[in-house]
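Here is the structure we will look at.
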Amino acid sequence: MERRIAITADNIVSALGFTTADNMRAVRQGRSGLRFHRARPGEGIEDYTAAAVDDALLAQALEERGIDGGKYTRFESLAILSADSACEGMDLSDAGTLIVLSTTKGNVGLLEDGRRDRPGSEYLWRSAQALAAYFNNPNAPVVVSSACISGVAAQVAAARWLMGGAYRRVVVTGADVLSRFVISGFQSFKALSAVACRPFDSDRQGLNLGEAAATVVLEAVETPEPGQITLEAWALTNDANHISGPSRTGEGLLLALNRVMQGVGADELAAVNAHGTATPYNDEMEAIALARAALSEVPVNSLKGYFGHTLGAAGVLETIVCAHSLREGVVPKSVGYSQSGVSRPLNVAAELLRSDLKQCVKCASGFGGANAAIRLKMWE
Amino acid sequence: MMEGLNIKSWCSIDGRRTVCDGRELFCAEGATPREYLVALYRHLGVDYPKFFKMDLLSMGGVLASEILFAGHRPDPHSTALVFANSASSLEKDREFQSTIATTEYFPSPAVFVYTLPNIVLGEISIRHGLHGDNIFLVSERFDARAVTAYLEGAVAEGVAKEALVGWLEADGGKLDVRAALVATSGEGTAFNEENLKNIFH
């Protein structure tokens, strides 16, 4: 029997809620978690707009699940809350389960704040070990840190580990939190918009950051059940062009899209969920790659207008929204879009669409020339 | 286990010695990691000015790729890069953090871009024109099982025929670069967890 990779459970913790259902409701309603933040005098950073998780709501959610927030950093609390919610009722203490953490910056905020009671917390694997220890999982956890494609790359890695039989279940949690470190870095690149982002729009002025944690439980299955979502194809590629700017020709993304589209037609896709950061260069590059891959007519959306760019969480979070959108027969609208600001024709979903099609593609691109794509399918 | 996947060549670079397939290539005492890598760059006769703006992870990774790809042109589409470390980009993270103190605030994009560990994958890809599969993993110690199973998966899918597998650590003034060239063709040591551990532990 052919082995397939199925998403058997999931959770999203974001500015829009603490369950996948809450987040999907907000997405269907076109509700955004982005808020304007005025920089404090002397803070260094400029005004910004971001999607932050409310501290009081987070504390309440942790308490409801019996997670001792005092034991963990804010970053770890988000990751554990998401993984614990996704894995409700599962025992992850077996050697056949691997815990994978997708993150770009983890506890980097501690370089500034410093928590003397937690030496070494800036090491990403420490947070992964805290996550694994929470579940009494015996395996050394793995962190995937491939910039903005981390969340998709982590699922690709998980798929390979499962296909080869190294593990029978992989829990992938993607997480990143807001910090002065990341905000000032993106502002130094002139990549942040002070106002709400507008992916693919002619008025787009850059990206907004967001914080979130999202979890998928992936398992190898032989006969997918009706309604189950599988990862049908995946690809990780590199532009080999520039370390901080996307390729002008979309080379790496084109290769990734072509690979995941092998054997299927554009007319079989409900949507392409793009990276869509709303920086001028990213969105233009994606429009070029989608056109070259003959996907211009497929409805395309970006979820950054709801969640901001949640970095290491993004690939996992957006995959979950894609999966549930397939189940619900919808294509979320691309919040912030009104008229095209890219050089190639693109079918951006300006409103929530209905679709009976059972497959979609999620792609991502990031620093280091990294590109990723996966194709999801819902089984009937 | 994939049939015929072999370790063709491997190298290690610390702040003092560079060894390839058990043979010492270059030795220099008393240098900082950066000074040592620049000296190794000159010793190898590499001509690639971009090298000097790189962080230590990228310098180490690019030089390892120079050594292991010597006299051999890697295929642009079927060469995978699977790299890992334990400290991510912390060396650069600390440097960037020092530029955003509220008293002296001057964040630089040239520093910020290297506060991601996977930038080295981009640098190696640019240097050798590689568009293939690439990933950066972080774990406390080199995870031979994760790396082996990942690469075997990429080979089974048909997306990789050759790969550079590497461990790149630059943290607290110490340098530890290890890399192996792995291929589905040609002679070499069998690519498996045990043999990887011998190189990477």
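Residues are named by chain letter and number: chains run A, B, ... in the order of the structure tokens, numbers start at 1 in each chain, and ligands are numbered from 1 in the order shown.
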What are the DSSP strand (DSSP E or B) residues of region 198-269 of chain A, as a list in words?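 Of region 198-269 of chain A, only Asp201, Leu207, Leu209, Gly210, Ala212, Ala213, Ala214, Thr215, Val216, Val217, Leu218, Glu219, Ala220, Val221, Ile229, Thr230, Leu231, Glu232, Ala233, Trp234, Ala235, Leu236, Thr237, Asn238 and Leu269 of chain A fall in strand (DSSP E or B).
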Using only C-alpha atoms, determine which residues of chain A fall within 8 Å of chain B; present them as a PyMOL selection string. chain A and resi 42-44+104-105+108+111-112+122-126+140-147+153+157+160-161+163-164+166+181+184-186+188-189+235-244+252+367-370
Written selection (C-alpha atoms) as a short mmCIF file (atom, residue, chain, number, x, y, z; two decimals), in the first residue's frame:
```
data_model
loop_
_atom_site.label_atom_id
_atom_site.label_comp_id
_atom_site.auth_asym_id
_atom_site.auth_seq_id
_atom_site.Cartn_x
_atom_site.Cartn_y
_atom_site.Cartn_z
CA GLY A 42 13.46 56.28 23.49
CA GLU A 43 12.51 52.77 22.36
CA GLY A 44 14.45 53.11 19.12
CA THR A 104 13.27 31.58 13.54
CA LYS A 105 14.09 33.46 16.72
CA VAL A 108 15.71 35.98 21.28
CA LEU A 111 19.05 38.66 24.98
CA GLU A 112 17.50 41.96 26.00
CA GLU A 122 18.34 31.61 23.97
CA TYR A 123 19.34 28.23 22.48
CA LEU A 124 16.45 27.10 20.29
CA TRP A 125 16.89 23.42 21.19
CA ARG A 126 16.29 24.27 24.85
CA ALA A 140 15.72 14.41 21.18
CA PRO A 141 13.48 17.04 19.53
CA VAL A 142 14.50 18.72 16.30
CA VAL A 143 14.23 22.42 15.50
CA VAL A 144 13.77 23.50 11.89
CA SER A 145 15.06 27.03 11.35
CA SER A 146 14.95 27.96 7.67
CA ALA A 147 13.79 31.58 7.96
CA ALA A 153 10.11 23.02 5.69
CA ALA A 157 11.08 17.07 7.02
CA ARG A 160 10.24 12.39 4.98
CA TRP A 161 10.76 11.00 8.47
CA MET A 163 7.55 8.09 4.78
CA GLY A 164 10.80 6.29 5.61
CA ALA A 166 11.78 6.61 11.18
CA PHE A 181 14.96 42.46 18.00
CA SER A 184 14.04 46.68 14.58
CA GLY A 185 15.64 44.22 12.15
CA PHE A 186 12.75 44.32 9.69
CA SER A 188 16.24 48.36 9.26
CA PHE A 189 15.38 46.59 6.00
CA ALA A 235 9.32 20.74 -2.40
CA LEU A 236 12.10 22.83 -0.89
CA THR A 237 14.28 24.81 -3.30
CA ASN A 238 16.71 27.70 -3.40
CA ASP A 239 16.87 30.79 -5.63
CA ALA A 240 20.70 30.77 -5.68
CA ASN A 241 20.39 34.48 -6.32
CA HIS A 242 20.44 36.70 -3.23
CA ILE A 243 20.43 36.14 0.55
CA SER A 244 17.96 38.89 1.47
CA GLY A 252 13.26 28.90 -6.74
CA PHE A 367 15.75 34.97 3.45
CA GLY A 368 18.59 32.76 2.35
CA GLY A 369 16.87 32.30 -1.03
CA ALA A 370 14.62 29.65 0.50
#
```
Counting only C-alpha atoms, the residue of B:Val82, B:Ala144, B:Val19, B:Leu37 that sits nearest Val62 (chain B): B:Leu37
Separation of CA of Asp176 (chain A) and CA of Leu92 (chain A), in Å?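 Rounded to one decimal, the two atoms are 22.8 Å apart.
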CA of Glu380 (chain A) to CA of Glu328 (chain A), distance in Å rounded to a single decimal: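 Rounded to one decimal, the two atoms are 12.7 Å apart.
Proximity of A:Ser202, A:Ser343, A:Thr319, A:Thr97 to Glu284 (chain A), computed with only C-alpha atoms, is greatest for A:Ser343.
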Which of these, A:Thr8, A:Thr20, A:Ser127, A:Ser338, has the shortest distance to Ile80 (chain A) once you count only C-alpha atoms? A:Ser127
Write down as number ranges by chain the residues of region 68-140 of chain B whose backbone DSSP state falls under alpha helix (DSSP H). B: 68, 90-98, 109-112, 119-128
At what distance in Å, to one decimal, does CA of Leu40 (chain B) lie from CA of Arg17 (chain B)? 9.3 Å
Residues within 9 Å of Glu29 (chain B), please, as a PyMOL selection string. Count only C-alpha atoms; anything in the same chain fewer than 2 positions from it doesn't count. chain B and resi 15-17+27+31+36
Top pick for closest residue to Ser9 (chain B), considering B:Lys161, B:Arg178, B:Lys50, B:His43 and counting only C-alpha atoms: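 Of B:Lys161, B:Arg178, B:Lys50, B:His43, the one nearest Ser9 (chain B), counting only C-alpha atoms, is B:Arg178.
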In terms of the shortest atom-to-atom distance over only C-alpha atoms, which of A:Val156, A:Ala372, A:Cys148, A:Leu81 is closest to Leu253 (chain A)? A:Ala372
Region 62-79 of chain A environment, 10 Å, only C-alpha atoms, sequence neighbours closer than 6 positions dropped, as a short mmCIF file (atom, residue, chain, number, x, y, z; two decimals) with all heavy atoms, in the first residue's frame:
```cif
data_model
loop_
_atom_site.label_atom_id
_atom_site.label_comp_id
_atom_site.auth_asym_id
_atom_site.auth_seq_id
_atom_site.Cartn_x
_atom_site.Cartn_y
_atom_site.Cartn_z
N ILE A 12 -4.34 26.33 16.31
CA ILE A 12 -3.74 27.65 16.09
C ILE A 12 -3.97 28.50 17.34
O ILE A 12 -5.10 28.60 17.83
CB ILE A 12 -4.39 28.38 14.89
CG1 ILE A 12 -4.17 27.59 13.59
CG2 ILE A 12 -3.81 29.81 14.76
CD1 ILE A 12 -4.94 28.15 12.40
N VAL A 13 -2.87 29.08 17.84
CA VAL A 13 -2.94 30.09 18.90
C VAL A 13 -2.44 31.38 18.28
O VAL A 13 -1.28 31.46 17.86
CB VAL A 13 -2.06 29.69 20.11
CG1 VAL A 13 -1.89 30.87 21.06
CG2 VAL A 13 -2.64 28.48 20.84
N SER A 14 -3.29 32.38 18.18
CA SER A 14 -2.88 33.63 17.52
C SER A 14 -3.64 34.80 18.12
O SER A 14 -4.45 34.63 19.04
CB SER A 14 -3.18 33.55 16.02
OG SER A 14 -4.55 33.85 15.78
N PHE A 18 -7.58 31.04 20.31
CA PHE A 18 -6.73 29.99 20.87
C PHE A 18 -7.06 28.60 20.37
O PHE A 18 -6.48 27.62 20.80
CB PHE A 18 -6.79 30.05 22.40
CG PHE A 18 -6.16 31.30 22.94
CD1 PHE A 18 -6.87 32.50 22.99
CD2 PHE A 18 -4.83 31.31 23.35
CE1 PHE A 18 -6.27 33.66 23.46
CE2 PHE A 18 -4.23 32.46 23.81
CZ PHE A 18 -4.95 33.64 23.86
N VAL A 53 -0.59 38.48 20.54
CA VAL A 53 -1.46 37.68 21.41
C VAL A 53 -1.62 38.43 22.73
O VAL A 53 -0.63 38.85 23.33
CB VAL A 53 -0.85 36.28 21.65
CG1 VAL A 53 -1.68 35.48 22.65
CG2 VAL A 53 -0.72 35.51 20.33
N ASP A 55 -1.86 39.27 26.48
CA ASP A 55 -1.24 38.62 27.65
C ASP A 55 -2.26 38.03 28.62
O ASP A 55 -2.08 36.91 29.11
CB ASP A 55 -0.36 39.62 28.41
CG ASP A 55 0.98 39.82 27.73
OD1 ASP A 55 1.47 38.87 27.08
OD2 ASP A 55 1.54 40.93 27.83
N ALA A 56 -3.32 38.79 28.90
CA ALA A 56 -4.32 38.32 29.87
C ALA A 56 -5.04 37.09 29.33
O ALA A 56 -5.27 36.11 30.05
CB ALA A 56 -5.31 39.44 30.17
N SER A 85 -3.01 21.76 23.07
CA SER A 85 -4.39 21.84 22.57
C SER A 85 -4.59 20.91 21.39
O SER A 85 -5.61 20.22 21.29
CB SER A 85 -4.72 23.28 22.15
OG SER A 85 -4.49 24.17 23.21
N GLU A 88 -4.67 17.02 22.41
CA GLU A 88 -5.67 16.67 23.41
C GLU A 88 -5.94 15.15 23.38
O GLU A 88 -6.28 14.61 22.33
CB GLU A 88 -6.96 17.42 23.07
CG GLU A 88 -8.13 17.14 23.95
CD GLU A 88 -8.22 18.17 25.07
OE1 GLU A 88 -8.29 19.37 24.74
OE2 GLU A 88 -8.22 17.75 26.23
N LEU A 101 10.07 21.52 16.42
CA LEU A 101 9.74 22.93 16.65
C LEU A 101 10.24 23.74 15.46
O LEU A 101 11.40 23.64 15.08
CB LEU A 101 10.40 23.41 17.95
CG LEU A 101 10.19 24.88 18.33
CD1 LEU A 101 8.73 25.18 18.59
CD2 LEU A 101 11.03 25.22 19.57
N SER A 102 9.35 24.51 14.87
CA SER A 102 9.73 25.40 13.77
C SER A 102 9.77 26.82 14.31
O SER A 102 8.76 27.34 14.78
CB SER A 102 8.67 25.28 12.66
OG SER A 102 8.71 26.43 11.84
N THR A 103 10.94 27.42 14.29
CA THR A 103 11.03 28.80 14.77
C THR A 103 12.22 29.50 14.13
O THR A 103 13.19 28.87 13.73
CB THR A 103 11.15 28.85 16.32
OG1 THR A 103 11.09 30.23 16.74
CG2 THR A 103 12.46 28.24 16.82
N LYS A 105 13.36 32.75 15.67
CA LYS A 105 14.09 33.46 16.72
C LYS A 105 13.81 32.99 18.14
O LYS A 105 14.44 33.50 19.06
CB LYS A 105 13.83 34.98 16.61
CG LYS A 105 14.29 35.67 15.34
CD LYS A 105 15.69 35.36 14.85
CE LYS A 105 16.82 35.46 15.83
NZ LYS A 105 18.03 34.71 15.31
N GLY A 106 12.88 32.08 18.36
CA GLY A 106 12.68 31.51 19.69
C GLY A 106 12.63 32.57 20.78
O GLY A 106 11.85 33.52 20.73
N ASN A 107 13.51 32.40 21.78
CA ASN A 107 13.55 33.31 22.93
C ASN A 107 14.51 34.48 22.73
O ASN A 107 15.11 34.96 23.70
CB ASN A 107 14.01 32.53 24.18
CG ASN A 107 12.92 31.64 24.72
OD1 ASN A 107 11.75 32.01 24.72
ND2 ASN A 107 13.30 30.46 25.19
N VAL A 108 14.68 34.96 21.52
CA VAL A 108 15.71 35.98 21.28
C VAL A 108 15.49 37.21 22.15
O VAL A 108 16.45 37.92 22.50
CB VAL A 108 15.79 36.36 19.77
CG1 VAL A 108 14.64 37.28 19.37
CG2 VAL A 108 17.13 36.99 19.45
N GLY A 109 14.23 37.49 22.53
CA GLY A 109 13.94 38.64 23.39
C GLY A 109 14.69 38.58 24.71
O GLY A 109 14.92 39.61 25.35
N LEU A 110 15.08 37.36 25.11
CA LEU A 110 15.81 37.22 26.38
C LEU A 110 17.20 37.83 26.31
O LEU A 110 17.80 38.13 27.33
CB LEU A 110 15.94 35.74 26.77
CG LEU A 110 14.63 35.02 27.10
CD1 LEU A 110 14.94 33.60 27.54
CD2 LEU A 110 13.86 35.74 28.17
N ARG A 115 16.62 36.51 31.55
CA ARG A 115 15.97 35.88 32.69
C ARG A 115 17.03 35.03 33.34
O ARG A 115 17.40 33.98 32.86
CB ARG A 115 14.77 35.03 32.24
CG ARG A 115 13.51 35.87 32.19
CD ARG A 115 12.27 35.07 31.95
NE ARG A 115 12.03 34.04 32.95
CZ ARG A 115 10.88 33.36 33.00
NH1 ARG A 115 9.93 33.60 32.14
NH2 ARG A 115 10.71 32.42 33.91
N ARG A 118 16.92 31.37 33.95
CA ARG A 118 16.86 30.42 32.84
C ARG A 118 18.08 30.55 31.94
O ARG A 118 17.95 30.95 30.78
CB ARG A 118 15.58 30.65 32.03
CG ARG A 118 14.32 30.51 32.89
CD ARG A 118 13.20 29.90 32.12
NE ARG A 118 13.69 28.81 31.30
CZ ARG A 118 13.01 28.30 30.29
NH1 ARG A 118 11.86 28.77 29.95
NH2 ARG A 118 13.50 27.31 29.59
N SER A 121 18.54 29.87 27.75
CA SER A 121 17.23 29.78 27.10
C SER A 121 17.23 30.33 25.68
O SER A 121 16.28 30.13 24.94
CB SER A 121 16.17 30.53 27.91
OG SER A 121 15.96 29.88 29.12
N ARG A 126 16.77 24.30 23.46
CA ARG A 126 16.29 24.27 24.85
C ARG A 126 14.77 24.38 24.89
O ARG A 126 14.12 23.72 25.68
CB ARG A 126 16.88 25.44 25.63
CG ARG A 126 18.35 25.31 25.85
CD ARG A 126 18.61 24.91 27.28
NE ARG A 126 20.03 24.97 27.52
CZ ARG A 126 20.58 24.92 28.71
NH1 ARG A 126 19.80 24.83 29.76
NH2 ARG A 126 21.87 24.96 28.85
N SER A 127 14.24 25.26 24.04
CA SER A 127 12.77 25.41 24.00
C SER A 127 12.14 24.14 23.46
O SER A 127 11.07 23.71 23.92
CB SER A 127 12.39 26.60 23.12
OG SER A 127 12.88 27.80 23.69
N ALA A 128 12.79 23.54 22.45
CA ALA A 128 12.26 22.28 21.90
C ALA A 128 12.29 21.20 22.98
O ALA A 128 11.35 20.39 23.09
CB ALA A 128 13.08 21.85 20.69
N ALA A 130 12.05 21.73 26.18
CA ALA A 130 10.98 22.04 27.14
C ALA A 130 9.65 21.49 26.62
O ALA A 130 8.84 20.94 27.38
CB ALA A 130 10.89 23.55 27.35
N LEU A 131 9.45 21.62 25.32
CA LEU A 131 8.22 21.12 24.69
C LEU A 131 8.16 19.59 24.78
O LEU A 131 7.15 19.01 25.17
CB LEU A 131 8.20 21.58 23.22
CG LEU A 131 6.96 21.34 22.39
CD1 LEU A 131 5.74 22.02 23.01
CD2 LEU A 131 7.17 21.87 20.96
N TYR A 134 7.56 18.46 28.31
CA TYR A 134 6.17 18.67 28.72
C TYR A 134 5.33 17.43 28.42
O TYR A 134 4.45 17.05 29.18
CB TYR A 134 5.58 19.90 28.02
CG TYR A 134 4.14 20.16 28.38
CD1 TYR A 134 3.82 20.85 29.54
CD2 TYR A 134 3.11 19.68 27.57
CE1 TYR A 134 2.49 21.05 29.89
CE2 TYR A 134 1.79 19.88 27.91
CZ TYR A 134 1.47 20.57 29.07
OH TYR A 134 0.16 20.76 29.42
N THR A 173 5.26 21.90 15.77
CA THR A 173 4.75 23.16 16.32
C THR A 173 5.61 24.30 15.79
O THR A 173 6.83 24.27 15.92
CB THR A 173 4.79 23.14 17.86
OG1 THR A 173 3.90 22.12 18.33
CG2 THR A 173 4.36 24.49 18.44
N GLY A 174 4.97 25.26 15.18
CA GLY A 174 5.67 26.45 14.70
C GLY A 174 5.34 27.60 15.62
O GLY A 174 4.17 27.77 16.00
N ALA A 175 6.34 28.38 16.01
CA ALA A 175 6.07 29.51 16.90
C ALA A 175 7.12 30.60 16.76
O ALA A 175 8.29 30.32 16.48
CB ALA A 175 6.01 29.05 18.36
N ASP A 176 6.69 31.82 16.93
CA ASP A 176 7.58 32.96 17.07
C ASP A 176 6.80 34.06 17.76
O ASP A 176 5.57 34.11 17.63
CB ASP A 176 8.11 33.48 15.71
CG ASP A 176 9.51 32.93 15.39
OD1 ASP A 176 10.41 33.08 16.25
OD2 ASP A 176 9.69 32.34 14.31
N VAL A 177 7.51 34.90 18.52
CA VAL A 177 6.84 36.00 19.22
C VAL A 177 7.45 37.33 18.79
O VAL A 177 8.55 37.38 18.24
CB VAL A 177 6.93 35.85 20.76
CG1 VAL A 177 6.11 34.66 21.23
CG2 VAL A 177 8.37 35.74 21.22
N LEU A 178 6.70 38.39 19.04
CA LEU A 178 7.19 39.73 18.72
C LEU A 178 8.32 40.11 19.67
O LEU A 178 8.29 39.76 20.84
CB LEU A 178 6.05 40.74 18.85
CG LEU A 178 4.94 40.61 17.82
CD1 LEU A 178 3.73 41.47 18.23
CD2 LEU A 178 5.42 41.02 16.44
N GLU A 211 2.57 37.37 16.01
CA GLU A 211 3.06 36.27 16.84
C GLU A 211 1.98 35.22 16.92
O GLU A 211 0.78 35.53 16.93
CB GLU A 211 3.49 36.73 18.23
CG GLU A 211 2.43 37.43 19.03
CD GLU A 211 2.98 37.98 20.35
OE1 GLU A 211 4.18 37.84 20.61
OE2 GLU A 211 2.18 38.56 21.11
N ALA A 212 2.43 33.97 16.93
CA ALA A 212 1.48 32.86 16.94
C ALA A 212 2.24 31.57 17.23
O ALA A 212 3.46 31.52 17.15
CB ALA A 212 0.79 32.74 15.58
N ALA A 213 1.46 30.57 17.58
CA ALA A 213 1.97 29.21 17.62
C ALA A 213 0.93 28.35 16.93
O ALA A 213 -0.28 28.59 17.09
CB ALA A 213 2.20 28.74 19.05
N ALA A 214 1.37 27.41 16.14
CA ALA A 214 0.43 26.54 15.44
C ALA A 214 1.02 25.14 15.40
O ALA A 214 2.23 24.98 15.31
CB ALA A 214 0.18 27.05 14.03
N THR A 215 0.15 24.15 15.49
CA THR A 215 0.62 22.76 15.57
C THR A 215 -0.15 21.86 14.60
O THR A 215 -1.38 21.94 14.54
CB THR A 215 0.40 22.20 17.01
OG1 THR A 215 1.12 23.03 17.92
CG2 THR A 215 0.88 20.76 17.13
N ALA A 313 6.00 30.35 12.73
CA ALA A 313 4.67 29.76 12.85
C ALA A 313 3.93 29.76 11.52
O ALA A 313 3.04 28.93 11.28
CB ALA A 313 3.84 30.52 13.89
#
```
With distances taken over only C-alpha atoms, which residue among A:Ala6, A:Leu254, A:Leu209, A:Leu303 lies nearest Ala26 (chain A)?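 Under the stated criterion, the closest residue is A:Leu303.
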Skipping near chain neighbours, those fewer than 2 positions away, what residues fall within 7 Å of Leu353 (chain A) using only C-alpha atoms, listed as an MDAnalysis selection string? chainID A and resid 330:332 351 355
File of the preceding selection, all heavy atoms, as a short mmCIF file (atom, residue, chain, number, x, y, z; two decimals), in the first residue's frame:
```
data_model
loop_
_atom_site.label_atom_id
_atom_site.label_comp_id
_atom_site.auth_asym_id
_atom_site.auth_seq_id
_atom_site.Cartn_x
_atom_site.Cartn_y
_atom_site.Cartn_z
N VAL A 330 -14.31 26.65 1.23
CA VAL A 330 -14.15 28.09 1.04
C VAL A 330 -12.71 28.44 0.67
O VAL A 330 -11.78 27.66 0.87
CB VAL A 330 -14.53 28.89 2.31
CG1 VAL A 330 -15.99 28.69 2.66
CG2 VAL A 330 -13.62 28.53 3.49
N VAL A 331 -12.55 29.62 0.09
CA VAL A 331 -11.24 30.22 -0.14
C VAL A 331 -11.27 31.56 0.59
O VAL A 331 -12.02 32.46 0.20
CB VAL A 331 -10.97 30.45 -1.65
CG1 VAL A 331 -9.63 31.16 -1.84
CG2 VAL A 331 -11.01 29.13 -2.41
N PRO A 332 -10.50 31.69 1.69
CA PRO A 332 -10.54 32.95 2.44
C PRO A 332 -10.16 34.14 1.57
O PRO A 332 -9.32 34.02 0.67
CB PRO A 332 -9.50 32.74 3.55
CG PRO A 332 -9.39 31.27 3.70
CD PRO A 332 -9.60 30.71 2.32
N GLU A 351 -12.77 38.62 -2.15
CA GLU A 351 -13.86 38.26 -1.23
C GLU A 351 -13.76 36.77 -0.90
O GLU A 351 -13.09 36.04 -1.62
CB GLU A 351 -15.23 38.52 -1.89
CG GLU A 351 -15.52 39.99 -2.19
CD GLU A 351 -15.51 40.87 -0.97
OE1 GLU A 351 -15.81 40.38 0.14
OE2 GLU A 351 -15.17 42.07 -1.10
N SER A 355 -15.71 27.02 -3.05
CA SER A 355 -15.07 26.13 -4.02
C SER A 355 -15.34 24.68 -3.65
O SER A 355 -15.29 24.30 -2.49
CB SER A 355 -13.56 26.36 -4.06
OG SER A 355 -12.96 25.45 -4.95
#
```
List as a list in words the protein and nucleic acid residues near Val38 (chain B), meaning an atom at most 10 Å away when only C-alpha atoms are counted, but skip any in the same chain fewer than 3 places from it.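 So the residues in contact are Ala31, Thr32, Pro33, Arg34, Glu35, Tyr41, Arg42, His43, Leu44, Phe51, Phe52, Met59, Gly60 and Leu63 of chain B.
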